[in-house]
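What follows is the content of upload-v9.cif, which has mmCIF, C-alpha atoms, pLDDT in the B column; chains and numbers go by the auth columns:
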```cif
data_model
loop_
_atom_site.group_PDB
_atom_site.id
_atom_site.type_symbol
_atom_site.label_atom_id
_atom_site.label_comp_id
_atom_site.label_asym_id
_atom_site.label_seq_id
_atom_site.Cartn_x
_atom_site.Cartn_y
_atom_site.Cartn_z
_atom_site.B_iso_or_equiv
_atom_site.auth_seq_id
_atom_site.auth_asym_id
ATOM 1 C CA LEU A 1 43.302 24.201 -23.529 57.00 5 A
ATOM 2 C CA SER A 2 40.061 23.303 -21.783 66.00 6 A
ATOM 3 C CA PHE A 3 41.807 20.394 -20.009 64.00 7 A
ATOM 4 C CA SER A 4 44.515 22.782 -18.791 63.00 8 A
ATOM 5 C CA PHE A 5 42.033 25.194 -17.232 62.00 9 A
ATOM 6 C CA ALA A 6 39.946 22.347 -15.836 65.00 10 A
ATOM 7 C CA GLY A 7 43.040 20.824 -14.258 64.00 11 A
ATOM 8 C CA TYR A 8 44.030 24.143 -12.690 59.00 12 A
ATOM 9 C CA VAL A 9 40.658 24.788 -11.032 61.00 13 A
ATOM 10 C CA ASN A 10 40.251 21.143 -9.993 64.00 14 A
ATOM 11 C CA GLY A 11 43.682 20.967 -8.398 61.00 15 A
ATOM 12 C CA GLY A 12 45.056 18.250 -10.675 63.00 16 A
ATOM 13 C CA SER A 13 45.272 16.916 -14.196 64.00 17 A
ATOM 14 C CA ALA A 14 41.867 16.652 -15.873 63.00 18 A
ATOM 15 C CA ASN A 15 42.829 13.790 -18.215 68.00 19 A
ATOM 16 C CA ALA A 16 44.582 10.437 -17.870 71.00 20 A
ATOM 17 C CA PRO A 17 47.346 10.206 -20.518 71.00 21 A
ATOM 18 C CA ALA A 18 48.486 6.732 -21.500 74.00 22 A
ATOM 19 C CA SER A 19 51.871 7.523 -23.052 78.00 23 A
ATOM 20 C CA VAL A 20 55.053 8.159 -21.064 76.00 24 A
ATOM 21 C CA PRO A 21 55.532 11.710 -22.439 75.00 25 A
ATOM 22 C CA GLY A 22 51.913 12.511 -21.620 73.00 26 A
ATOM 23 C CA ARG A 23 52.322 11.231 -18.087 75.00 27 A
ATOM 24 C CA LEU A 24 55.484 13.305 -17.603 76.00 28 A
ATOM 25 C CA ALA A 25 53.724 16.415 -18.889 74.00 29 A
ATOM 26 C CA SER A 26 50.765 15.697 -16.598 76.00 30 A
ATOM 27 C CA LEU A 27 53.123 15.197 -13.645 77.00 31 A
ATOM 28 C CA GLY A 28 54.893 18.500 -14.289 76.00 32 A
ATOM 29 C CA PHE A 29 51.617 20.352 -14.675 73.00 33 A
ATOM 30 C CA GLY A 30 50.246 18.740 -11.502 75.00 34 A
ATOM 31 C CA PHE A 31 53.363 19.762 -9.561 77.00 35 A
ATOM 32 C CA PHE A 32 52.908 23.361 -10.710 77.00 36 A
ATOM 33 C CA ILE A 33 49.250 23.364 -9.638 75.00 37 A
ATOM 34 C CA LEU A 34 50.095 21.844 -6.259 77.00 38 A
ATOM 35 C CA ILE A 35 52.733 24.452 -5.376 79.00 39 A
ATOM 36 C CA THR A 36 50.697 27.369 -6.732 77.00 40 A
ATOM 37 C CA LEU A 37 47.533 26.531 -4.788 75.00 41 A
ATOM 38 C CA ALA A 38 49.464 25.724 -1.600 79.00 42 A
ATOM 39 C CA SER A 39 51.415 28.994 -1.841 79.00 43 A
ATOM 40 C CA TYR A 40 48.254 31.024 -2.426 74.00 44 A
ATOM 41 C CA THR A 41 46.463 29.423 0.529 79.00 45 A
ATOM 42 C CA ALA A 42 49.412 29.937 2.883 79.00 46 A
ATOM 43 C CA ASN A 43 49.958 33.542 1.780 76.00 47 A
ATOM 44 C CA LEU A 44 46.269 34.415 2.128 75.00 48 A
ATOM 45 C CA ALA A 45 46.208 32.931 5.637 77.00 49 A
ATOM 46 C CA THR A 46 49.296 34.967 6.574 74.00 50 A
ATOM 47 C CA ILE A 47 47.706 38.232 5.426 70.00 51 A
ATOM 48 C CA LEU A 48 44.424 37.532 7.231 69.00 52 A
ATOM 49 C CA VAL A 49 46.175 36.576 10.466 69.00 53 A
ATOM 50 C CA ALA A 50 48.420 39.662 10.287 63.00 54 A
ATOM 51 C CA LYS A 51 45.454 41.980 9.765 59.00 55 A
ATOM 52 C CA SER A 52 43.422 40.457 12.579 56.00 56 A
ATOM 53 C CA GLY A 53 46.417 40.561 14.910 54.00 57 A
ATOM 54 C CA LYS A 54 46.747 44.326 14.486 52.00 58 A
ATOM 55 C CA GLN A 55 43.280 44.909 15.905 54.00 59 A
ATOM 56 C CA GLY A 56 43.472 43.188 19.273 67.00 60 A
ATOM 57 C CA ILE A 57 41.611 46.165 20.787 79.00 61 A
ATOM 58 C CA ASN A 58 38.382 47.093 19.049 82.00 62 A
ATOM 59 C CA SER A 59 36.737 49.340 21.637 87.00 63 A
ATOM 60 C CA VAL A 60 37.214 51.171 24.909 89.00 64 A
ATOM 61 C CA GLU A 61 35.723 48.182 26.710 90.00 65 A
ATOM 62 C CA ASP A 62 38.402 45.896 25.211 89.00 66 A
ATOM 63 C CA ALA A 63 41.151 48.248 26.393 90.00 67 A
ATOM 64 C CA ILE A 64 39.683 48.354 29.901 91.00 68 A
ATOM 65 C CA GLN A 65 39.382 44.570 30.085 91.00 69 A
ATOM 66 C CA GLN A 66 42.995 44.158 28.969 90.00 70 A
ATOM 67 C CA GLY A 67 44.214 46.734 31.487 92.00 71 A
ATOM 68 C CA VAL A 68 45.499 49.160 28.874 92.00 72 A
ATOM 69 C CA THR A 69 46.224 52.681 30.115 94.00 73 A
ATOM 70 C CA ILE A 70 44.346 55.229 28.007 95.00 74 A
ATOM 71 C CA CYS A 71 45.302 58.870 27.516 94.00 75 A
ATOM 72 C CA ILE A 72 42.188 61.046 27.886 94.00 76 A
ATOM 73 C CA PRO A 73 41.647 64.812 27.504 92.00 77 A
ATOM 74 C CA SER A 74 41.127 66.759 30.710 92.00 78 A
ATOM 75 C CA ALA A 75 38.038 68.426 29.228 87.00 79 A
ATOM 76 C CA VAL A 76 36.058 65.163 29.153 89.00 80 A
ATOM 77 C CA LYS A 77 37.693 63.354 32.050 91.00 81 A
ATOM 78 C CA GLN A 78 34.659 63.410 34.341 91.00 82 A
ATOM 79 C CA VAL A 79 32.298 62.273 31.576 90.00 83 A
ATOM 80 C CA LEU A 80 34.541 59.362 30.606 91.00 84 A
ATOM 81 C CA LEU A 81 35.147 58.214 34.179 92.00 85 A
ATOM 82 C CA ALA A 82 31.421 58.359 34.900 92.00 86 A
ATOM 83 C CA ALA A 83 30.791 56.003 31.998 90.00 87 A
ATOM 84 C CA HIS A 84 33.907 53.840 32.600 92.00 88 A
ATOM 85 C CA PRO A 85 34.876 54.053 36.283 92.00 89 A
ATOM 86 C CA THR A 86 37.388 51.174 36.057 93.00 90 A
ATOM 87 C CA MET A 87 39.370 52.765 33.248 93.00 91 A
ATOM 88 C CA ARG A 88 43.115 53.070 33.733 94.00 92 A
ATOM 89 C CA TYR A 89 43.971 56.500 32.396 94.00 93 A
ATOM 90 C CA THR A 90 46.539 59.233 32.032 94.00 94 A
ATOM 91 C CA GLU A 91 45.129 62.747 31.977 94.00 95 A
ATOM 92 C CA ILE A 92 46.419 64.923 29.136 93.00 96 A
ATOM 93 C CA LYS A 93 45.718 68.644 29.359 91.00 97 A
ATOM 94 C CA ASP A 94 46.903 69.524 25.841 90.00 98 A
ATOM 95 C CA THR A 95 45.368 67.172 23.255 88.00 99 A
ATOM 96 C CA ALA A 96 48.258 67.989 20.914 88.00 100 A
ATOM 97 C CA GLU A 97 50.347 65.732 23.150 91.00 101 A
ATOM 98 C CA MET A 98 48.160 62.638 22.680 92.00 102 A
ATOM 99 C CA ALA A 99 50.220 60.955 19.953 92.00 103 A
ATOM 100 C CA ARG A 100 53.452 61.901 21.680 92.00 104 A
ATOM 101 C CA SER A 101 52.267 60.351 24.947 93.00 105 A
ATOM 102 C CA VAL A 102 51.570 57.015 23.279 93.00 106 A
ATOM 103 C CA GLN A 103 54.902 57.032 21.455 91.00 107 A
ATOM 104 C CA MET A 104 56.709 57.721 24.745 91.00 108 A
ATOM 105 C CA GLY A 105 54.936 54.850 26.492 91.00 109 A
ATOM 106 C CA LEU A 106 52.762 56.882 28.864 92.00 110 A
ATOM 107 C CA CYS A 107 49.685 55.053 27.603 93.00 111 A
ATOM 108 C CA GLY A 108 48.710 52.320 25.188 92.00 112 A
ATOM 109 C CA GLY A 109 45.984 54.266 23.399 92.00 113 A
ATOM 110 C CA PHE A 110 44.147 57.574 23.479 93.00 114 A
ATOM 111 C CA LEU A 111 40.719 59.093 23.094 92.00 115 A
ATOM 112 C CA ASP A 112 40.455 62.180 20.913 89.00 116 A
ATOM 113 C CA THR A 113 38.387 63.814 18.212 88.00 117 A
ATOM 114 C CA THR A 114 38.265 62.523 14.649 86.00 118 A
ATOM 115 C CA LYS A 115 39.686 65.838 13.468 86.00 119 A
ATOM 116 C CA ARG A 116 42.713 65.449 15.710 88.00 120 A
ATOM 117 C CA PHE A 117 43.229 61.872 14.548 91.00 121 A
ATOM 118 C CA GLU A 118 43.216 63.030 10.924 89.00 122 A
ATOM 119 C CA GLU A 119 45.895 65.579 11.790 91.00 123 A
ATOM 120 C CA ILE A 120 47.956 62.852 13.450 93.00 124 A
ATOM 121 C CA LEU A 121 47.793 60.615 10.364 92.00 125 A
ATOM 122 C CA ALA A 122 48.748 63.624 8.262 92.00 126 A
ATOM 123 C CA GLY A 123 52.002 63.829 10.229 92.00 127 A
ATOM 124 C CA ARG A 124 51.282 67.227 11.726 92.00 128 A
ATOM 125 C CA GLN A 125 51.806 66.157 15.332 92.00 129 A
ATOM 126 C CA ALA A 126 55.051 64.357 14.512 93.00 130 A
ATOM 127 C CA GLN A 127 56.283 67.468 12.703 94.00 131 A
ATOM 128 C CA ALA A 128 55.191 69.747 15.561 93.00 132 A
ATOM 129 C CA ASP A 129 57.084 67.667 18.126 94.00 133 A
ATOM 130 C CA CYS A 130 60.320 67.886 16.152 94.00 134 A
ATOM 131 C CA ASP A 131 59.765 71.597 15.520 94.00 135 A
ATOM 132 C CA LYS A 132 59.466 72.068 19.265 92.00 136 A
ATOM 133 C CA VAL A 133 62.916 70.541 19.717 93.00 137 A
ATOM 134 C CA ASP A 134 64.410 72.668 16.941 93.00 138 A
ATOM 135 C CA GLU A 135 62.980 75.852 18.459 93.00 139 A
ATOM 136 C CA SER A 136 64.204 75.074 21.976 91.00 140 A
ATOM 137 C CA ASP A 137 67.858 75.954 21.216 89.00 141 A
ATOM 138 C CA GLY A 138 69.125 72.743 22.734 87.00 142 A
ATOM 139 C CA ALA A 139 66.930 72.815 25.840 91.00 143 A
ATOM 140 C CA LEU A 140 64.977 69.795 24.596 91.00 144 A
ATOM 141 C CA LYS A 141 66.078 66.508 23.090 92.00 145 A
ATOM 142 C CA ASP A 142 64.197 64.399 20.588 92.00 146 A
ATOM 143 C CA SER A 143 63.526 61.791 23.257 91.00 147 A
ATOM 144 C CA ASP A 144 61.893 64.423 25.488 91.00 148 A
ATOM 145 C CA VAL A 145 58.969 64.894 23.124 90.00 149 A
ATOM 146 C CA GLY A 146 58.994 61.635 21.167 91.00 150 A
ATOM 147 C CA CYS A 147 60.478 63.188 18.036 93.00 151 A
ATOM 148 C CA LYS A 148 61.679 60.731 15.397 93.00 152 A
ATOM 149 C CA ARG A 149 63.810 61.742 12.440 93.00 153 A
ATOM 150 C CA ASP A 150 64.704 60.195 9.109 90.00 154 A
ATOM 151 C CA SER A 151 68.206 59.598 7.772 90.00 155 A
ATOM 152 C CA LYS A 152 68.428 63.240 6.673 90.00 156 A
ATOM 153 C CA GLY A 153 67.646 64.581 10.123 91.00 157 A
ATOM 154 C CA LYS A 154 64.177 65.761 9.174 93.00 158 A
ATOM 155 C CA ALA A 155 61.039 64.935 11.137 93.00 159 A
ATOM 156 C CA ASP A 156 59.666 61.486 10.320 93.00 160 A
ATOM 157 C CA ILE A 157 56.061 62.419 9.607 93.00 161 A
ATOM 158 C CA THR A 158 55.111 58.734 9.342 92.00 162 A
ATOM 159 C CA ARG A 159 55.895 58.250 13.037 92.00 163 A
ATOM 160 C CA ASP A 160 52.242 57.787 13.964 93.00 164 A
ATOM 161 C CA CYS A 161 51.226 55.550 11.079 90.00 165 A
ATOM 162 C CA ASN A 162 50.992 52.589 13.439 87.00 166 A
ATOM 163 C CA PHE A 163 47.855 54.130 14.972 90.00 167 A
ATOM 164 C CA ILE A 164 44.445 52.808 13.954 86.00 168 A
ATOM 165 C CA GLN A 165 41.020 54.162 14.820 86.00 169 A
ATOM 166 C CA VAL A 166 38.768 51.533 16.384 85.00 170 A
ATOM 167 C CA GLY A 167 35.433 51.296 18.113 83.00 171 A
ATOM 168 C CA PRO A 168 32.271 53.401 18.004 84.00 172 A
ATOM 169 C CA LEU A 169 31.818 56.968 19.212 84.00 173 A
ATOM 170 C CA VAL A 170 32.674 57.160 22.929 87.00 174 A
ATOM 171 C CA THR A 171 31.150 60.495 23.943 83.00 175 A
ATOM 172 C CA THR A 172 30.010 63.803 22.496 80.00 176 A
ATOM 173 C CA VAL A 173 30.646 67.381 23.584 75.00 177 A
ATOM 174 C CA ALA A 174 28.129 70.104 22.891 71.00 178 A
ATOM 175 C CA THR A 175 29.631 72.978 20.930 70.00 179 A
ATOM 176 C CA SER A 176 26.497 75.059 20.298 71.00 180 A
ATOM 177 C CA ILE A 177 26.093 78.475 21.888 72.00 181 A
ATOM 178 C CA PRO A 178 22.762 79.312 23.583 73.00 182 A
ATOM 179 C CA VAL A 179 21.177 82.585 22.482 77.00 183 A
ATOM 180 C CA SER A 180 18.359 84.746 23.713 81.00 184 A
ATOM 181 C CA ASP A 181 14.831 83.898 22.605 82.00 185 A
ATOM 182 C CA ARG A 182 14.720 87.286 20.901 82.00 186 A
ATOM 183 C CA PHE A 183 17.336 86.169 18.363 82.00 187 A
ATOM 184 C CA VAL A 184 16.174 82.626 17.703 81.00 188 A
ATOM 185 C CA HIS A 185 13.663 83.544 14.998 84.00 189 A
ATOM 186 C CA GLY A 186 16.032 85.861 13.149 84.00 190 A
ATOM 187 C CA LEU A 187 18.996 83.487 13.319 82.00 191 A
ATOM 188 C CA GLY A 188 16.838 80.608 12.137 83.00 192 A
ATOM 189 C CA TRP A 189 15.679 82.474 9.054 86.00 193 A
ATOM 190 C CA SER A 190 19.180 83.741 8.314 88.00 194 A
ATOM 191 C CA MET A 191 20.473 80.137 8.326 83.00 195 A
ATOM 192 C CA VAL A 192 17.660 79.023 6.012 87.00 196 A
ATOM 193 C CA ASP A 193 18.425 81.939 3.692 89.00 197 A
ATOM 194 C CA ALA A 194 22.176 81.083 3.675 87.00 198 A
ATOM 195 C CA ILE A 195 21.423 77.451 2.815 88.00 199 A
ATOM 196 C CA ASN A 196 19.030 78.410 0.016 89.00 200 A
ATOM 197 C CA LYS A 197 21.575 80.809 -1.490 89.00 201 A
ATOM 198 C CA GLY A 198 24.253 78.110 -1.429 88.00 202 A
ATOM 199 C CA ASP A 199 26.485 79.998 0.987 86.00 203 A
ATOM 200 C CA VAL A 200 26.871 76.933 3.216 81.00 204 A
ATOM 201 C CA SER A 201 27.763 74.656 0.298 85.00 205 A
ATOM 202 C CA ASN A 202 30.266 77.176 -1.038 85.00 206 A
ATOM 203 C CA ALA A 203 31.905 77.468 2.366 81.00 207 A
ATOM 204 C CA ILE A 204 32.239 73.684 2.615 78.00 208 A
ATOM 205 C CA LYS A 205 33.806 73.467 -0.849 81.00 209 A
ATOM 206 C CA LYS A 206 36.183 76.321 -0.021 79.00 210 A
ATOM 207 C CA PHE A 207 37.691 74.446 2.900 74.00 211 A
ATOM 208 C CA GLU A 208 37.625 70.913 1.455 73.00 212 A
ATOM 209 C CA ASP A 209 41.290 71.173 0.482 71.00 213 A
ATOM 210 C CA ALA A 210 42.172 72.168 4.046 72.00 214 A
ATOM 211 C CA LYS A 211 41.341 68.666 5.299 76.00 215 A
ATOM 212 C CA PRO A 212 44.544 66.909 6.389 81.00 216 A
ATOM 213 C CA GLN A 213 45.759 64.302 3.915 84.00 217 A
ATOM 214 C CA SER A 214 47.079 61.096 5.421 87.00 218 A
ATOM 215 C CA VAL A 215 50.738 60.286 4.807 88.00 219 A
ATOM 216 C CA CYS A 216 50.236 56.684 5.877 84.00 220 A
ATOM 217 C CA GLY A 217 48.888 55.293 2.605 70.00 221 A
ATOM 218 C CA ALA A 218 52.369 54.467 1.286 48.00 222 A
ATOM 219 C CA VAL A 219 53.290 52.718 4.521 42.00 223 A
ATOM 220 C CA THR A 220 50.189 50.568 4.345 44.00 224 A
ATOM 221 C CA SER A 221 51.092 49.527 0.798 42.00 225 A
ATOM 222 C CA GLU A 222 54.621 48.641 1.864 46.00 226 A
ATOM 223 C CA GLU A 223 53.269 46.448 4.656 50.00 227 A
ATOM 224 C CA ALA A 224 51.015 44.674 2.184 49.00 228 A
ATOM 225 C CA ASP A 225 53.975 44.121 -0.150 54.00 229 A
ATOM 226 C CA GLU A 226 55.964 42.625 2.702 56.00 230 A
ATOM 227 C CA LEU A 227 53.189 40.127 3.426 56.00 231 A
ATOM 228 C CA SER A 228 52.558 39.195 -0.209 62.00 232 A
ATOM 229 C CA LEU A 229 54.440 36.344 -1.835 62.00 233 A
ATOM 230 C CA PRO A 230 57.156 37.674 -4.195 66.00 234 A
ATOM 231 C CA LEU A 231 57.204 36.509 -7.796 65.00 235 A
ATOM 232 C CA GLU A 232 60.783 35.238 -7.402 68.00 236 A
ATOM 233 C CA SER A 233 59.572 32.538 -5.012 67.00 237 A
ATOM 234 C CA MET A 234 57.814 30.785 -7.913 68.00 238 A
ATOM 235 C CA VAL A 235 60.919 30.570 -10.111 72.00 239 A
ATOM 236 C CA GLY A 236 61.911 27.136 -8.766 73.00 240 A
ATOM 237 C CA THR A 237 58.424 25.764 -9.322 69.00 241 A
ATOM 238 C CA LEU A 238 58.353 27.074 -12.874 71.00 242 A
ATOM 239 C CA CYS A 239 61.772 25.560 -13.591 78.00 243 A
ATOM 240 C CA VAL A 240 60.810 22.109 -12.304 72.00 244 A
ATOM 241 C CA SER A 241 57.486 22.152 -14.142 72.00 245 A
ATOM 242 C CA SER A 242 59.136 23.367 -17.357 77.00 246 A
ATOM 243 C CA ALA A 243 61.744 20.622 -17.078 79.00 247 A
ATOM 244 C CA PHE A 244 59.031 17.972 -17.004 66.00 248 A
ATOM 245 C CA GLN A 245 57.324 19.579 -19.996 68.00 249 A
ATOM 246 C CA PHE A 246 60.598 19.721 -21.929 73.00 250 A
ATOM 247 C CA VAL A 247 61.431 16.053 -21.281 74.00 251 A
ATOM 248 C CA ALA A 248 57.904 15.094 -22.296 66.00 252 A
ATOM 249 C CA LEU A 249 58.266 17.116 -25.499 72.00 253 A
ATOM 250 C CA VAL A 250 61.606 15.465 -26.335 73.00 254 A
ATOM 251 C CA LEU A 251 60.200 11.971 -25.759 68.00 255 A
#
```

Once you've parsed the file, please lay out its structure as structure tokens.
Amino acid sequence: LSFSFAGYVNGGSANAPASVPGRLASLGFGFFILITLASYTANLATILVAKSGKQGINSVEDAIQQGVTICIPSAVKQVLLAAHPTMRYTEIKDTAEMARSVQMGLCGGFLDTTKRFEEILAGRQAQADCDKVDESDGALKDSDVGCKRDSKGKADITRDCNFIQVGPLVTTVATSIPVSDRFVHGLGWSMVDAINKGDVSNAIKKFEDAKPQSVCGAVTSEEADELSLPLESMVGTLCVSSAFQFVALVL
């Protein structure tokens, strides 16, 4: 048993049999090791290459260098262009149309909030686009808003699962509201009191379930299964190796 494991990790038979049956058994075992290790190496390389190929753009700078048109919100247009004046862009007034714009080929990527991206991966934007068609009474077609449907005619909520979030934070937008100096002291103490009482923690827990849940996990698993080597591909190797072992046993 120790020779078997040693042969497997060393890539070949660990002993040198003198008899013909022993040599046949060693040859069959060596063939099995050869195919198994070669298959594992090739499959691992395929998965690594496929994963690296999906992330050809890792930042806004990469997109600009490659000449990719980026969909940007109107609200932060001036800020983004000041930081990246050479950016090729398409201005989007309604950020709910970001995913749709990419799917329709208006741009190759988009800049949006993390919250919006979570909603996109949850399939909410894909569902909203198809709902817009359904509510238009025939005035809109699926192709007009990038709606994709499954075989049952329902909205394909996995439409946007080919999107990936890359790169660091691009810009920030202040959302605080300035108040009069007369209220600063009172508001400060009220916030401290709310934190000490646990009101803030309770509010966070209350809305934890409201966070959009991604529908793209299953798709990712299917892609991994497609790249992995199926068990059936090793049947031939097992048959050849077993044949050698059987002949060696008979002899």

**Message:** Once the PyMOL selection byres ((chain A and resi 153-161) around 12) is applied to the coordinates I shared, what remains selected? I want it as JSON, numbers by chain.
**Reply:** {"A": [103, 123, 124, 125, 126, 127, 128, 129, 130, 131, 132, 133, 134, 135, 136, 137, 138, 145, 146, 147, 150, 151, 152, 162, 163, 164, 165, 166, 217, 218, 219, 220, 223]}

**Asked** So how far away is atom CA of A:Pro216 from atom CA of A:Glu122, in Å?
**Response** 6.1 Å

Report as JSON the centre and the edge lengths, in Å to one decimal, of the axis-aligned box holding every listed atom of stretch 95-110 of chain A, padded by 8 Å on each side.
```
{"center_x": 50.9, "center_y": 62.2, "center_z": 26.0, "size_x": 27.6, "size_y": 30.7, "size_z": 28.0}
```

**Request:** Determine the residue membership of the PyMOL selection byres ((chain A and resi 91) around 10) for the file above and supply it as a PyMOL selection string.
**Result:** chain A and resi 64-65+67-69+71-74+84-90+92-94

**Prompt:** Any idea what the distance is between atom CA of A:Gly32 and atom CA of A:Ala46?
**Reply:**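 Between atom CA of A:Gly32 and atom CA of A:Ala46 the gap is 21.3 Å.
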
**Asked** Hey, can you check how far atom CA of A:Ala79 sits from atom CA of A:Val174?
**Response**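 Taking atom CA of A:Ala79 as the start and atom CA of A:Val174 as the end point, the length is 14.0 Å.
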
**Item:** Polymer residues at most 12 Å from A:Ser246, only C-alpha atoms, same-chain spacing of 4 or more positions, as a PyMOL selection string
**Value:** chain A and resi 28-36+239-242+250-253

**Selection under test: the PyMOL selection byres ((chain A and resi 177) around 10); residues as a list in words** =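 Evaluating the PyMOL selection byres ((chain A and resi 177) around 10) on these coordinates yields Ala79, Val80, Val83, Thr175, Thr176, Ala178, Thr179 and Ser180 of chain A.
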
**Message:** I'd like the neighbourhood of A:Cys75 as a VMD selection string, where a residue qualifies if any of its atoms comes within 10 Å (using only C-alpha atoms), though same-chain residues fewer than 4 positions away should be ignored.
**Reply:** chain A and resid 81 92 to 97 99 101 to 103 105 to 106 110 to 116

**Request:** Point out the residue among A:Asp148, A:Phe187, A:Val196, A:Lys215 with the least atom-to-atom distance to A:Thr118, counting all atoms listed in the file.
**Result:**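 That would be A:Lys215, the residue with the smallest distance to A:Thr118.
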